[in-house]
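**Student:** Contents of start_22.cif (mmCIF, C-alpha atoms):
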data_coords
loop_
_atom_site.label_atom_id
_atom_site.label_comp_id
_atom_site.auth_asym_id
_atom_site.auth_seq_id
_atom_site.Cartn_x
_atom_site.Cartn_y
_atom_site.Cartn_z
CA MET A 1301 11.85 35.49 11.68
CA ALA A 1302 8.28 34.81 10.58
CA LEU A 1303 7.43 31.25 9.62
CA THR A 1304 4.99 30.60 6.83
CA GLN A 1305 3.34 27.59 5.20
CA GLN A 1306 4.92 26.71 1.86
CA PHE A 1307 3.84 24.39 -0.94
CA ALA A 1308 5.44 23.22 -4.18
CA ARG A 1309 3.76 21.28 -6.96
CA VAL A 1310 6.19 18.65 -8.22
CA THR A 1311 6.27 15.59 -10.39
CA PRO A 1312 7.75 12.28 -9.31
CA ARG A 1313 10.36 12.85 -12.04
CA PHE A 1314 11.39 16.17 -10.44
CA LEU A 1315 11.68 14.46 -7.04
CA GLU A 1316 13.89 11.76 -8.57
CA HIS A 1317 16.05 14.49 -10.12
CA CYS A 1318 16.41 16.10 -6.67
CA ARG A 1319 17.24 12.75 -5.06
CA ALA A 1320 19.94 12.08 -7.68
CA ALA A 1321 21.36 15.60 -7.25
CA ALA A 1322 21.53 15.11 -3.47
CA LEU A 1323 23.35 11.80 -3.87
CA ALA A 1324 25.86 13.36 -6.29
CA SER A 1325 26.47 16.54 -4.28
CA PRO A 1326 29.20 16.70 -1.61
CA ASP A 1327 26.83 18.59 0.70
CA ALA A 1328 23.73 16.60 -0.32
CA ALA A 1329 22.19 19.64 -2.08
CA PRO A 1330 19.05 18.40 -3.83
CA GLY A 1331 18.97 20.99 -6.61
CA TRP A 1332 15.63 22.18 -5.29
CA ALA A 1333 14.30 24.77 -7.69
CA PRO A 1334 10.65 24.22 -8.58
CA PRO A 1335 9.32 26.89 -10.95
CA PRO A 1336 7.92 29.91 -9.09
CA THR A 1337 4.57 29.27 -10.77
CA ASP A 1338 4.45 25.92 -8.95
CA THR A 1339 5.14 27.31 -5.49
CA LEU A 1340 2.82 28.92 -2.98
CA ASP A 1341 3.40 30.76 0.30
CA THR A 1342 0.19 30.95 2.32
CA ASP A 1343 1.67 33.03 5.12
CA TRP A 1344 -0.19 32.19 8.38
CA ALA A 1345 -3.66 32.16 6.83
CA LEU A 1346 -4.27 28.42 6.65
CA TRP A 1347 -3.13 27.94 10.24
CA GLY A 1348 -5.46 30.76 11.33
CA LEU A 1349 -8.38 29.24 9.45
CA LEU A 1350 -7.56 25.80 10.88
CA ARG A 1351 -7.46 27.19 14.42
CA PHE A 1352 -10.78 28.94 13.89
CA CYS A 1353 -12.43 25.81 12.46
CA ARG A 1354 -11.20 23.74 15.40
CA GLY A 1355 -11.78 26.26 18.16
CA MET A 1356 -15.17 27.50 17.10
CA GLY A 1357 -16.43 24.17 15.85
CA ALA A 1358 -17.05 25.97 12.59
CA ASP A 1359 -16.47 23.04 10.29
CA ALA A 1360 -14.85 19.75 11.28
CA ALA A 1361 -14.45 18.65 7.65
CA ALA A 1362 -12.67 21.90 6.76
CA ALA A 1363 -10.41 21.49 9.79
CA GLY A 1364 -9.56 17.97 8.64
CA VAL A 1365 -8.59 19.00 5.13
CA LEU A 1366 -6.60 22.01 6.37
CA ASP A 1367 -4.76 19.81 8.83
CA ARG A 1368 -4.00 17.25 6.13
CA LEU A 1369 -2.72 19.75 3.59
CA THR A 1370 -0.56 21.73 6.01
CA GLY A 1371 0.87 18.62 7.64
CA GLY A 1372 1.59 16.48 4.63
CA ALA A 1373 2.64 12.95 5.37
CA PRO A 1374 6.00 11.51 6.28
CA ALA A 1375 7.20 9.62 3.23
CA GLU A 1376 9.90 7.01 3.02
CA GLY A 1377 12.88 8.12 1.01
CA MET A 1378 12.13 11.85 1.15
CA ASP A 1379 14.88 12.70 3.63
CA PHE A 1380 16.94 14.28 0.82
CA LEU A 1381 14.61 17.30 1.08
CA ASP A 1382 15.69 17.88 4.69
CA HIS A 1383 18.33 20.34 3.48
CA PRO A 1384 18.90 24.11 3.94
CA ASP A 1385 18.33 24.62 0.19
CA VAL A 1386 14.73 23.52 0.73
CA HIS A 1387 13.81 24.76 4.22
CA ASP A 1388 15.41 26.49 7.16
CA GLY A 1389 15.36 23.44 9.42
CA PHE A 1390 12.67 24.73 11.74
CA GLY A 1391 10.16 22.04 12.57
CA ASP A 1392 9.54 18.95 10.53
CA PRO A 1393 11.30 18.38 7.22
CA PRO A 1394 9.27 18.87 4.04
CA ARG A 1395 6.50 16.35 3.64
CA LEU A 1396 4.98 14.84 0.55
CA LEU A 1397 1.36 14.73 -0.50
CA SER A 1398 1.02 12.07 -3.21
CA ALA A 1399 -0.89 12.75 -6.39
CA ALA A 1400 -3.81 10.72 -4.99
CA ALA A 1401 -3.76 12.75 -1.76
CA VAL A 1402 -3.60 16.00 -3.74
CA SER A 1403 -6.64 14.92 -5.75
CA ALA A 1404 -8.60 14.09 -2.58
CA ILE A 1405 -7.55 17.35 -0.91
CA SER A 1406 -8.53 19.31 -4.01
CA ARG A 1407 -12.02 17.76 -3.97
CA ALA A 1408 -12.35 18.48 -0.24
CA LEU A 1409 -11.27 22.10 -0.74
CA ASP A 1410 -13.84 22.43 -3.53
CA ASP A 1411 -16.50 21.04 -1.17
CA THR A 1412 -15.60 23.46 1.63
CA ASP A 1413 -18.16 26.23 2.10
CA LEU A 1414 -15.78 29.04 2.98
CA ASP A 1415 -18.54 31.64 3.08
CA ALA A 1416 -20.39 29.65 5.76
CA ILE A 1417 -17.20 29.35 7.81
CA LEU A 1418 -16.31 33.02 7.51
CA ALA A 1419 -19.88 34.02 8.40
CA ARG A 1420 -19.13 32.66 11.89
CA LEU A 1421 -16.10 34.92 12.38
CA PRO A 1422 -16.65 37.59 15.01
CA ALA A 1423 -17.51 40.95 13.43
CA ALA A 1424 -14.99 42.96 15.43
CA PRO A 1425 -11.53 42.69 13.82
CA PRO A 1426 -9.65 42.16 17.12
CA ALA A 1427 -12.03 39.37 18.12
CA ALA A 1428 -11.80 37.77 14.65
CA ALA A 1429 -8.00 37.90 14.78
CA ALA A 1430 -7.98 36.37 18.27
CA ALA A 1431 -10.35 33.58 17.19
CA CYS A 1432 -7.87 32.68 14.46
CA GLY A 1433 -4.81 32.87 16.68
CA LEU A 1434 -3.61 36.02 14.95
CA PRO A 1435 -3.44 38.54 17.81
CA GLY A 1436 -2.36 41.97 16.68
CA PHE A 1437 -3.35 41.27 13.09
CA SER A 1438 -4.39 44.47 11.40
CA GLY A 1439 -6.70 44.46 8.44
CA GLY A 1440 -9.65 42.40 7.38
CA VAL A 1441 -9.25 38.93 8.83
CA GLY A 1442 -11.98 37.42 6.66
CA ALA A 1443 -10.51 38.85 3.46
CA TYR A 1444 -7.04 37.65 4.45
CA LEU A 1445 -8.27 34.11 5.12
CA ALA A 1446 -10.48 34.04 2.02
CA GLY A 1447 -7.72 35.27 -0.27
CA HIS A 1448 -5.24 32.63 0.85
CA PHE A 1449 -7.84 29.86 0.95
CA THR A 1450 -9.01 30.67 -2.59
CA THR A 1451 -5.44 30.71 -3.86
CA THR A 1452 -4.70 27.41 -2.10
CA ARG A 1453 -7.83 25.83 -3.58
CA ALA A 1454 -6.78 26.91 -7.10
CA PHE A 1455 -3.21 25.71 -6.48
CA PHE A 1456 -4.36 22.24 -5.41
CA ARG A 1457 -6.97 22.09 -8.18
CA GLU A 1458 -4.22 22.70 -10.75
CA ALA A 1459 -1.91 20.16 -9.11
CA ALA A 1460 -4.71 17.56 -9.22
CA ARG A 1461 -5.50 18.41 -12.84
CA ARG A 1462 -1.85 17.88 -13.77
CA GLY A 1463 -1.48 14.70 -11.65
CA MET A 1464 1.24 16.28 -9.52
CA CYS A 1465 2.38 15.70 -5.95
CA VAL A 1466 2.72 18.58 -3.47
CA VAL A 1467 5.56 19.08 -1.03
CA ALA A 1468 4.52 20.96 2.13
CA TRP A 1469 6.86 22.62 4.62
CA VAL A 1470 7.24 25.53 6.99
CA ASP A 1471 9.88 28.12 6.24
#
Hey, can you dump this file as structure tokens for me?

**Tutor:**
Amino acid sequence: MALTQQFARVTPRFLEHCRAAALASPDAAPGWAPPPTDTLDTDWALWGLLRFCRGMGADAAAAGVLDRLTGGAPAEGMDFLDHPDVHDGFGDPPRLLSAAAVSAISRALDDTDLDAILARLPAAPPAAAAACGLPGFSGGVGAYLAGHFTTTRAFFREAARRGMCVVAWVD
């Protein structure tokens, strides 16, 4: 089974609804159903870009923001999301990025010069894939990374605009 990085834009009110549903449910089901328009699956792209930024010294600031957004932060009282309805139980439970963290991450993503980072990718596709920890990847590594990064930037920009939190997890 392939694991991918997932995000959901949520409001504190939605999280409280999920907490109440978990408390009322015999199996602690949180009623997790954010609208599809507020969810994002970034596949392995952000991890690949993070590995490249770290390994090649391409951009320490970009590595920092990628690490922060993929890792989230452990939050008190969020254990109700550690449920099979939310994630498959592999790795850490879902983590919360507060509205303030989302706003800071959005600004940092906007400040990231993706073109400068991708310009440092090796030209040969196998070498580019290896540099990103994606051995055997077929296709354009730069386009793959750019597409997911651009979508992630827009996703976080919209979350910040709406004052929303983001839940991050691996599924």

**Student:** If you apply the PyMOL selection byres ((chain A and resi 1317) around 12) to this file, what residues do you get, as number ranges by chain?

**Tutor:** A: 1310-1316, 1318-1324, 1329-1334, 1380-1381

**Student:** CA of Gly1364 in chain A to CA of Pro1335 in chain A: how many Å, to one decimal?

**Tutor:** 28.6 Å

**Student:** Please write the residues picked by the PyMOL selection byres ((chain A and resi 1309) around 8) on this file as a compact mmCIF listing (two decimals) with C-alpha atoms, keeping the file's coordinate frame.

**Tutor:**
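Saved file result_5.txt follows:
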# COMPACT_ATOMS: atom_id res chain seq x y z
CA PHE A 1307 3.84 24.39 -0.94
CA ALA A 1308 5.44 23.22 -4.18
CA VAL A 1310 6.19 18.65 -8.22
CA THR A 1311 6.27 15.59 -10.39
CA PRO A 1334 10.65 24.22 -8.58
CA ASP A 1338 4.45 25.92 -8.95
CA THR A 1339 5.14 27.31 -5.49
CA ALA A 1459 -1.91 20.16 -9.11
CA MET A 1464 1.24 16.28 -9.52
CA CYS A 1465 2.38 15.70 -5.95
CA VAL A 1466 2.72 18.58 -3.47
CA VAL A 1467 5.56 19.08 -1.03

**Student:** Figure out the distance between CA of Ala1424 in chain A and CA of Gly1436 in chain A, please, to one decimal in Å.

**Tutor:**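 Those two atoms sit 12.7 Å apart.
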
**Student:** Excluding Leu1414 in chain A and its own-chain neighbours fewer than 2 positions away, which residues fall within 9 Å of it when counting only C-alpha atoms? Please give them as a list of chain:residue names.

**Tutor:** A:Ala1362, A:Thr1412, A:Ala1416, A:Ile1417, A:Leu1418, A:Ala1419, A:Ala1446, A:Phe1449, A:Thr1450

**Student:** Which distance in Å separates CA of Ala1400 in chain A and CA of Met1356 in chain A, to one decimal?

**Tutor:**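 The value is 30.0 Å.
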
**Student:** Write out as a PDB file with C-alpha atoms, keeping the file's coordinate frame the residues lying within 9 Å of Met1378 in chain A, counting all atoms listed in the file and excluding same-chain residues fewer than 3 positions away.

**Tutor:**
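The resulting file, selection36.pdb, is shown below:
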ATOM      1  CA  LEU A1315      11.680  14.460  -7.040  1.00  0.00           C
ATOM      2  CA  ARG A1319      17.240  12.750  -5.060  1.00  0.00           C
ATOM      3  CA  PRO A1374       6.000  11.510   6.280  1.00  0.00           C
ATOM      4  CA  ALA A1375       7.200   9.620   3.230  1.00  0.00           C
ATOM      5  CA  LEU A1381      14.610  17.300   1.080  1.00  0.00           C
ATOM      6  CA  ASP A1382      15.690  17.880   4.690  1.00  0.00           C
ATOM      7  CA  PRO A1393      11.300  18.380   7.220  1.00  0.00           C
ATOM      8  CA  PRO A1394       9.270  18.870   4.040  1.00  0.00           C
ATOM      9  CA  ARG A1395       6.500  16.350   3.640  1.00  0.00           C
ATOM     10  CA  LEU A1396       4.980  14.840   0.550  1.00  0.00           C
TER      11      LEU A1396
END

**Student:** Using the chain letters and numbers from the file, which residues does the PyMOL selection byres ((chain A and resi 1347) around 9) grab, as a list in words?

**Tutor:**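 When the PyMOL selection byres ((chain A and resi 1347) around 9) is applied to the shown file, the picked residues are Gln1305, Asp1343, Trp1344, Ala1345, Leu1346, Gly1348, Leu1349, Leu1350, Arg1351, Phe1352, Leu1366, Asp1367, Thr1370, Cys1432 and Gly1433 of chain A.
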
**Student:** When you count only C-alpha atoms, which of these residues is closest to Arg1420 in chain A: A:Asp1341, A:Leu1369, A:Arg1462, A:Gly1442?

**Tutor:**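 Among A:Asp1341, A:Leu1369, A:Arg1462, A:Gly1442, it is A:Gly1442 that comes nearest to Arg1420 in chain A.
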
**Student:** If the box runs along x, y and z of the file and leaves 6 Å on each side of range 1449-1458 of chain A, what are its centre and edge lengths in Å, one decimal, as AutoDock Vina command-line options?

**Tutor:**
--center_x -6.1 --center_y 26.4 --center_z -4.9 --size_x 17.8 --size_y 20.6 --size_z 23.7

**Student:** Closest to Val1365 in chain A among A:Leu1445, A:Thr1452, A:Ser1438, A:Pro1425, using all atoms listed in the file?

**Tutor:** A:Thr1452

**Student:** Give the answer as one residue: which of A:Arg1368, A:Asp1415, A:Arg1457, A:Ala1443 has the shortest atom-to-atom distance to Ala1428 in chain A, using only C-alpha atoms?

**Tutor:** A:Ala1443

**Student:** For Asp1410 in chain A, please output as an MDAnalysis selection string all residues within 10 Å (counting all atoms listed in the file; exclusion window: fewer than 5 positions along the same chain).

**Tutor:** chainID A and resid 1404:1405 1450 1453:1454 1456:1457

**Student:** Would you fill the gaps in range 1374-1406 of chain A so it has N, CA and C atoms, then print it as a JSON list (two decimals), keeping the file's coordinate frame?

**Tutor:**
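Now in rebuild-v1.json:
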[["chain", "number", "residue", "atom", "x", "y", "z"],
["A", 1374, "PRO", "N", 4.62, 11.99, 6.37],
["A", 1374, "PRO", "CA", 6.00, 11.51, 6.28],
["A", 1374, "PRO", "C", 6.08, 10.46, 5.17],
["A", 1375, "ALA", "N", 7.08, 10.55, 4.34],
["A", 1375, "ALA", "CA", 7.20, 9.62, 3.23],
["A", 1375, "ALA", "C", 8.58, 8.99, 3.25],
["A", 1376, "GLU", "N", 8.62, 7.71, 3.09],
["A", 1376, "GLU", "CA", 9.90, 7.01, 3.02],
["A", 1376, "GLU", "C", 10.71, 7.56, 1.86],
["A", 1377, "GLY", "N", 11.99, 7.71, 2.09],
["A", 1377, "GLY", "CA", 12.88, 8.12, 1.01],
["A", 1377, "GLY", "C", 12.84, 9.58, 0.65],
["A", 1378, "MET", "N", 12.20, 10.41, 1.46],
["A", 1378, "MET", "CA", 12.13, 11.85, 1.15],
["A", 1378, "MET", "C", 13.10, 12.65, 2.00],
["A", 1379, "ASP", "N", 13.96, 12.00, 2.74],
["A", 1379, "ASP", "CA", 14.88, 12.70, 3.63],
["A", 1379, "ASP", "C", 15.86, 13.61, 2.89],
["A", 1380, "PHE", "N", 16.05, 13.42, 1.59],
["A", 1380, "PHE", "CA", 16.94, 14.28, 0.82],
["A", 1380, "PHE", "C", 16.43, 15.72, 0.76],
["A", 1381, "LEU", "N", 15.15, 15.94, 1.06],
["A", 1381, "LEU", "CA", 14.61, 17.30, 1.08],
["A", 1381, "LEU", "C", 14.85, 18.00, 2.42],
["A", 1382, "ASP", "N", 15.37, 17.27, 3.40],
["A", 1382, "ASP", "CA", 15.69, 17.88, 4.69],
["A", 1382, "ASP", "C", 17.06, 18.54, 4.56],
["A", 1383, "HIS", "N", 17.08, 19.65, 3.84],
["A", 1383, "HIS", "CA", 18.33, 20.34, 3.48],
["A", 1383, "HIS", "C", 18.08, 21.85, 3.50],
["A", 1384, "PRO", "N", 19.08, 22.65, 3.88],
["A", 1384, "PRO", "CA", 18.90, 24.11, 3.94],
["A", 1384, "PRO", "C", 18.48, 24.74, 2.60],
["A", 1385, "ASP", "N", 18.77, 24.08, 1.49],
["A", 1385, "ASP", "CA", 18.33, 24.62, 0.19],
["A", 1385, "ASP", "C", 16.81, 24.54, 0.02],
["A", 1386, "VAL", "N", 16.17, 23.70, 0.83],
["A", 1386, "VAL", "CA", 14.73, 23.52, 0.73],
["A", 1386, "VAL", "C", 14.01, 24.26, 1.85],
["A", 1387, "HIS", "N", 14.47, 24.08, 3.10],
["A", 1387, "HIS", "CA", 13.81, 24.76, 4.22],
["A", 1387, "HIS", "C", 14.85, 25.12, 5.27],
["A", 1388, "ASP", "N", 14.45, 25.96, 6.19],
["A", 1388, "ASP", "CA", 15.41, 26.49, 7.16],
["A", 1388, "ASP", "C", 15.67, 25.58, 8.35],
["A", 1389, "GLY", "N", 15.10, 24.39, 8.36],
["A", 1389, "GLY", "CA", 15.36, 23.44, 9.42],
["A", 1389, "GLY", "C", 14.48, 23.59, 10.63],
["A", 1390, "PHE", "N", 13.58, 24.56, 10.62],
["A", 1390, "PHE", "CA", 12.67, 24.73, 11.74],
["A", 1390, "PHE", "C", 11.52, 23.73, 11.59],
["A", 1391, "GLY", "N", 11.27, 22.98, 12.61],
["A", 1391, "GLY", "CA", 10.16, 22.04, 12.57],
["A", 1391, "GLY", "C", 10.47, 20.82, 11.72],
["A", 1392, "ASP", "N", 9.42, 20.17, 11.31],
["A", 1392, "ASP", "CA", 9.54, 18.95, 10.53],
["A", 1392, "ASP", "C", 10.14, 19.22, 9.15],
["A", 1393, "PRO", "N", 10.82, 18.23, 8.60],
["A", 1393, "PRO", "CA", 11.30, 18.38, 7.22],
["A", 1393, "PRO", "C", 10.11, 18.43, 6.26],
["A", 1394, "PRO", "N", 10.36, 18.85, 5.03],
["A", 1394, "PRO", "CA", 9.27, 18.87, 4.04],
["A", 1394, "PRO", "C", 8.60, 17.50, 3.96],
["A", 1395, "ARG", "N", 7.30, 17.57, 3.73],
["A", 1395, "ARG", "CA", 6.50, 16.35, 3.64],
["A", 1395, "ARG", "C", 5.81, 16.28, 2.29],
["A", 1396, "LEU", "N", 5.55, 15.07, 1.87],
["A", 1396, "LEU", "CA", 4.98, 14.84, 0.55],
["A", 1396, "LEU", "C", 3.51, 14.50, 0.63],
["A", 1397, "LEU", "N", 2.75, 15.12, -0.25],
["A", 1397, "LEU", "CA", 1.36, 14.73, -0.50],
["A", 1397, "LEU", "C", 1.36, 14.07, -1.88],
["A", 1398, "SER", "N", 1.02, 12.80, -1.94],
["A", 1398, "SER", "CA", 1.02, 12.07, -3.21],
["A", 1398, "SER", "C", -0.02, 12.65, -4.16],
["A", 1399, "ALA", "N", 0.09, 12.28, -5.41],
["A", 1399, "ALA", "CA", -0.89, 12.75, -6.39],
["A", 1399, "ALA", "C", -2.31, 12.35, -5.99],
["A", 1400, "ALA", "N", -2.47, 11.15, -5.44],
["A", 1400, "ALA", "CA", -3.81, 10.72, -4.99],
["A", 1400, "ALA", "C", -4.29, 11.57, -3.82],
["A", 1401, "ALA", "N", -3.39, 11.89, -2.88],
["A", 1401, "ALA", "CA", -3.76, 12.75, -1.76],
["A", 1401, "ALA", "C", -4.10, 14.15, -2.24],
["A", 1402, "VAL", "N", -3.34, 14.66, -3.19],
["A", 1402, "VAL", "CA", -3.60, 16.00, -3.74],
["A", 1402, "VAL", "C", -4.98, 16.04, -4.38],
["A", 1403, "SER", "N", -5.33, 14.99, -5.11],
["A", 1403, "SER", "CA", -6.64, 14.92, -5.75],
["A", 1403, "SER", "C", -7.76, 14.93, -4.70],
["A", 1404, "ALA", "N", -7.58, 14.14, -3.65],
["A", 1404, "ALA", "CA", -8.60, 14.09, -2.58],
["A", 1404, "ALA", "C", -8.68, 15.43, -1.86],
["A", 1405, "ILE", "N", -7.56, 16.04, -1.58],
["A", 1405, "ILE", "CA", -7.55, 17.35, -0.91],
["A", 1405, "ILE", "C", -8.21, 18.39, -1.80],
["A", 1406, "SER", "N", -7.92, 18.36, -3.08],
["A", 1406, "SER", "CA", -8.53, 19.31, -4.01],
["A", 1406, "SER", "C", -10.06, 19.20, -3.99]]
